[in-house]
Structures are given as C-alpha cells and as structure tokens.
$ cat input20.pdb   # PDB, C-alpha atoms
ATOM      1  CA  MET A   1       3.679 -27.447  26.106
ATOM      2  CA  THR A   2       5.059 -29.094  22.991
ATOM      3  CA  PRO A   3       6.782 -27.134  20.220
ATOM      4  CA  GLN A   4       3.821 -27.971  17.960
ATOM      5  CA  GLN A   5       1.356 -26.481  20.454
ATOM      6  CA  ARG A   6       3.497 -23.356  20.779
ATOM      7  CA  ALA A   7       3.677 -23.003  16.976
ATOM      8  CA  ALA A   8      -0.098 -23.461  16.700
ATOM      9  CA  ILE A   9      -0.781 -20.775  19.324
ATOM     10  CA  ASN A  10       1.630 -18.417  17.555
ATOM     11  CA  GLN A  11      -0.022 -19.102  14.177
ATOM     12  CA  ASN A  12      -3.543 -18.616  15.599
ATOM     13  CA  CYS A  13      -2.445 -15.271  17.003
ATOM     14  CA  LEU A  14      -0.851 -14.229  13.700
ATOM     15  CA  ASN A  15      -3.957 -15.329  11.777
ATOM     16  CA  SER A  16      -6.065 -13.175  14.089
ATOM     17  CA  PHE A  17      -3.774 -10.199  13.460
ATOM     18  CA  ASN A  18      -3.528 -10.739   9.676
ATOM     19  CA  ASN A  19      -7.317 -10.992   9.325
ATOM     20  CA  SER A  20      -7.966  -7.818  11.328
ATOM     21  CA  ALA A  21      -8.282  -4.408   9.687
ATOM     22  CA  LEU A  22      -5.102  -3.272  11.437
ATOM     23  CA  GLY A  23      -3.256  -6.348  10.203
ATOM     24  CA  LYS A  24      -4.401  -5.911   6.615
ATOM     25  CA  VAL A  25      -3.388  -2.245   6.544
ATOM     26  CA  SER A  26      -0.020  -2.802   8.209
ATOM     27  CA  ASN A  27       0.749  -5.800   5.974
ATOM     28  CA  PHE A  28      -0.081  -3.654   2.932
ATOM     29  CA  PHE A  29       2.306  -0.853   3.883
ATOM     30  CA  SER A  30       5.111  -2.924   5.425
ATOM     31  CA  PRO A  31       7.955  -3.930   3.106
ATOM     32  CA  LEU A  32       8.661  -6.774   5.536
ATOM     33  CA  SER A  33       5.454  -8.500   4.414
ATOM     34  CA  GLN A  34       7.471 -10.251   1.735
ATOM     35  CA  PHE A  35       9.322 -12.017   4.567
ATOM     36  CA  ILE A  36       6.826 -12.277   7.441
ATOM     37  CA  GLY A  37       3.419 -11.447   5.948
ATOM     38  CA  PRO A  38       0.599 -13.850   5.122
ATOM     39  CA  ASP A  39       1.048 -13.554   1.310
ATOM     40  CA  ARG A  40       4.814 -13.484   0.916
ATOM     41  CA  LEU A  41       4.946 -14.049  -2.838
ATOM     42  CA  GLY A  42       2.324 -11.383  -3.574
ATOM     43  CA  SER A  43       4.071  -8.953  -1.249
ATOM     44  CA  ALA A  44       7.440  -9.638  -2.869
ATOM     45  CA  ILE A  45       6.014  -9.008  -6.323
ATOM     46  CA  GLU A  46       4.351  -5.775  -5.198
ATOM     47  CA  THR A  47       7.371  -4.520  -3.239
ATOM     48  CA  ASP A  48      10.206  -5.523  -5.539
ATOM     49  CA  ILE A  49       8.735  -5.444  -9.038
ATOM     50  CA  GLY A  50       5.898  -2.964  -8.541
ATOM     51  CA  GLY A  51       8.016  -0.670  -6.391
ATOM     52  CA  GLY A  52      10.830  -0.709  -8.935
ATOM     53  CA  ILE A  53       8.459   0.140 -11.772
ATOM     54  CA  LYS A  54       6.838   2.955  -9.772
ATOM     55  CA  TYR A  55      10.228   4.356  -8.803
ATOM     56  CA  GLY A  56      11.400   4.244 -12.428
ATOM     57  CA  LEU A  57       8.273   6.033 -13.638
ATOM     58  CA  VAL A  58       8.634   8.792 -11.055
ATOM     59  CA  ARG A  59      12.327   9.259 -11.901
ATOM     60  CA  ALA A  60      11.528   9.364 -15.640
ATOM     61  CA  GLY A  61       8.794  11.933 -15.015
ATOM     62  CA  LEU A  62      11.139  14.090 -12.971
ATOM     63  CA  ALA A  63      13.755  13.872 -15.716
ATOM     64  CA  ALA A  64      11.143  14.822 -18.319
ATOM     65  CA  GLY A  65      10.049  17.771 -16.182
ATOM     66  CA  ASN A  66      13.627  18.928 -15.756
ATOM     67  CA  ALA A  67      14.229  18.582 -19.514
ATOM     68  CA  ALA A  68      11.111  20.643 -20.221
ATOM     69  CA  VAL A  69      12.357  23.429 -18.000
ATOM     70  CA  SER A  70      15.889  23.242 -19.390
ATOM     71  CA  PHE A  71      15.285  22.936 -23.133
ATOM     72  CA  ASP A  72      11.736  23.738 -24.199
ATOM     73  CA  ALA A  73       8.267  24.258 -22.849
ATOM     74  CA  ASN A  74       6.700  21.045 -24.167
ATOM     75  CA  PRO A  75       3.394  20.782 -22.264
ATOM     76  CA  LEU A  76       3.545  16.951 -22.093
ATOM     77  CA  LYS A  77       7.018  16.975 -20.581
ATOM     78  CA  THR A  78       5.994  19.689 -18.140
ATOM     79  CA  LEU A  79       2.865  17.743 -17.172
ATOM     80  CA  ALA A  80       4.929  14.559 -16.669
ATOM     81  CA  GLY A  81       7.333  16.478 -14.459
ATOM     82  CA  LEU A  82       4.533  17.988 -12.364
ATOM     83  CA  ALA A  83       2.860  14.609 -11.948
ATOM     84  CA  ALA A  84       6.147  13.044 -10.907
ATOM     85  CA  GLU A  85       6.883  15.839  -8.448
ATOM     86  CA  GLY A  86       3.424  15.403  -6.925
ATOM     87  CA  THR A  87       3.912  11.651  -6.681
ATOM     88  CA  GLU A  88       7.322  12.085  -5.096
ATOM     89  CA  PHE A  89       5.906  14.559  -2.557
ATOM     90  CA  VAL A  90       3.060  12.210  -1.599
ATOM     91  CA  ALA A  91       5.455   9.259  -1.336
ATOM     92  CA  LYS A  92       7.777  11.162   0.991
ATOM     93  CA  GLU A  93       5.230  13.041   3.080
ATOM     94  CA  VAL A  94       2.442  10.444   3.290
ATOM     95  CA  GLY A  95       3.844   7.120   2.115
ATOM     96  CA  LEU A  96       7.002   7.044   4.208
ATOM     97  CA  PRO A  97       5.196   7.552   7.543
ATOM     98  CA  LEU A  98       2.693   4.842   6.563
ATOM     99  CA  VAL A  99       5.521   2.445   5.684
ATOM    100  CA  VAL A 100       7.269   3.125   8.988
ATOM    101  CA  ALA A 101       4.054   2.739  10.999
ATOM    102  CA  GLY A 102       2.960  -0.394   9.108
ATOM    103  CA  THR A 103       6.337  -2.021   9.610
ATOM    104  CA  ALA A 104       6.409  -1.151  13.324
ATOM    105  CA  ILE A 105       2.900  -2.522  13.864
ATOM    106  CA  GLN A 106       3.641  -5.710  11.923
ATOM    107  CA  VAL A 107       6.888  -6.412  13.811
ATOM    108  CA  THR A 108       5.215  -5.631  17.157
ATOM    109  CA  ALA A 109       2.377  -8.052  16.366
ATOM    110  CA  HIS A 110       4.827 -10.810  15.469
ATOM    111  CA  LEU A 111       6.819 -10.244  18.652
ATOM    112  CA  GLY A 112       3.624 -10.133  20.716
ATOM    113  CA  CYS A 113       2.257 -13.341  19.204
ATOM    114  CA  ASN A 114       5.570 -15.079  19.796
ATOM    115  CA  ALA A 115       5.601 -13.913  23.416
ATOM    116  CA  GLU A 116       1.971 -14.996  23.799
ATOM    117  CA  ALA A 117       2.764 -18.453  22.453
ATOM    118  CA  SER A 118       5.840 -18.773  24.672
ATOM    119  CA  SER A 119       3.962 -17.860  27.837
ATOM    120  CA  ASN A 120       0.603 -19.547  27.136
ATOM    121  CA  PRO A 121       0.364 -22.875  28.974
ATOM    122  CA  GLY A 122      -3.027 -23.591  27.405
ATOM    123  CA  GLN A 123      -4.166 -25.646  24.472
ATOM    124  CA  ALA A 124      -3.076 -25.188  20.859
ATOM    125  CA  GLY A 125      -6.565 -23.957  20.012
ATOM    126  CA  ALA A 126      -6.568 -21.328  22.735
ATOM    127  CA  VAL A 127      -7.690 -17.857  21.761
ATOM    128  CA  PRO A 128      -4.789 -15.440  22.106
ATOM    129  CA  SER A 129      -5.160 -12.748  24.717
ATOM    130  CA  ILE A 130      -3.728 -10.187  22.312
ATOM    131  CA  VAL A 131      -6.613  -8.252  20.777
ATOM    132  CA  PHE A 132      -6.269  -6.712  17.321
TER     133      PHE A 132
END

$ encode --input "input20.pdb" --output "structure tokens"
Amino acid sequence: MTPQQRAAINQNCLNSFNNSALGKVSNFFSPLSQFIGPDRLGSAIETDIGGGIKYGLVRAGLAAGNAAVSFDANPLKTLAGLAAEGTEFVAKEVGLPLVVAGTAIQVTAHLGCNAEASSNPGQAGAVPSIVF
C-alpha cells in the first residue's frame, strides 16, 4: 500500500467518525479539536477566545458575589455571584467529565483510524471496519 492510500484510508475513517453523532459530540467537548478536529480554526476560536471570555465572566461574577457579601447587600452583585457560582458548579461537575470523555473518545478514534489505515491492505476507498 502506498503512503497516499494509507492517508486516504485514515482520512475516510476520520471523516466517518467526525460526521457521526459521537464524533460531533466528542469534537465539541474536546479541547484537542483545535489541533486534531475537523474545524481546527473554529475550535481554536471557541476554546481559546470563547473559553477565556467565559472564564473571565465567571471570575468577575464570583468577585462581585464576594464583594456583595463583604460590603453591602446589592441585589445585582448578589445575583451575579449566585449565577457565577452556579456556572462554576456546572462547569466542574458536568463540564469537566464531558471534556475528559470527549477528549478520550476523540483520541481513541484517531488512534483507531490510524491503526485501521496501517493494517488495511485494501483500496484507498475502502470502508473502514471501525463503526462509529
């Protein structure tokens, strides 16, 4: 098998994964999508810029909530603090496991497609035996 055939089999397998529901969900939650996902630029923007903005907003809300408790009982500051605490809780308790699972699934798919391409003596257009 030529290197071009191997690359084509690997890409066909990855396309199959990326177009599946599992692939779309894992690519969405995996921070590695900016390096190995199908839409690297979009993933980089979402992860780096969007994630930074979201983190900053949560930290500002927590600071506002802490200031409300420390200095006065301003309802807007208290509400911002509660919203930030809720967001932080969801990110830690729900988001983190989804990020870990999405990353693990994405990396496993890439390794599996690479192994499939390395061991497949067939044609470049062959359907991968990995099912997503």

$ atom_distance --input "input20.pdb" --atom1 "CA of Asp39 (chain A)" --atom2 "CA of Gln11 (chain A)"
14.1 Å

$ residues_around --input "input20.pdb" --residues "region 45-48 of chain A" --least-positions-apart "2" --cutoff "10 Å" --atoms "all atoms listed in the file" --output "list in words"
Phe28, Phe29, Ser30, Pro31, Leu32, Ser33, Gln34, Arg40, Leu41, Gly42, Ser43, Gly50, Gly51, Gly52, Ile53 and Lys54 of chain A

$ resolve_selection --input "input20.pdb" --expression "the PyMOL selection byres ((chain A and resi 12-26) around 7)" --output "JSON, numbers by chain"
{"A": [8, 9, 10, 11, 27, 28, 29, 30, 38, 102, 103, 105, 106, 110, 113, 128, 132]}

$ closest_residue --input "input20.pdb" --among "A:Glu88, A:Gln5, A:Phe35, A:Arg59" --to "Glu116 (chain A)" --atoms "only C-alpha atoms"
A:Gln5

$ atom_distance --input "input20.pdb" --atom1 "CA of Val90 (chain A)" --atom2 "CA of Ala60 (chain A)"
16.6 Å

$ axis_aligned_box --input "input20.pdb" --around "region 41-51 of chain A" --padding-each-side "4 Å" --output "AutoDock Vina command-line options"
--center_x 6.3 --center_y -7.4 --center_z -5.1 --size_x 15.9 --size_y 21.4 --size_z 15.8

$ closest_residue --input "input20.pdb" --among "A:Ala63, A:Ile49, A:Met1, A:Ile36" --to "Thr108 (chain A)" --atoms "all atoms listed in the file"
A:Ile36
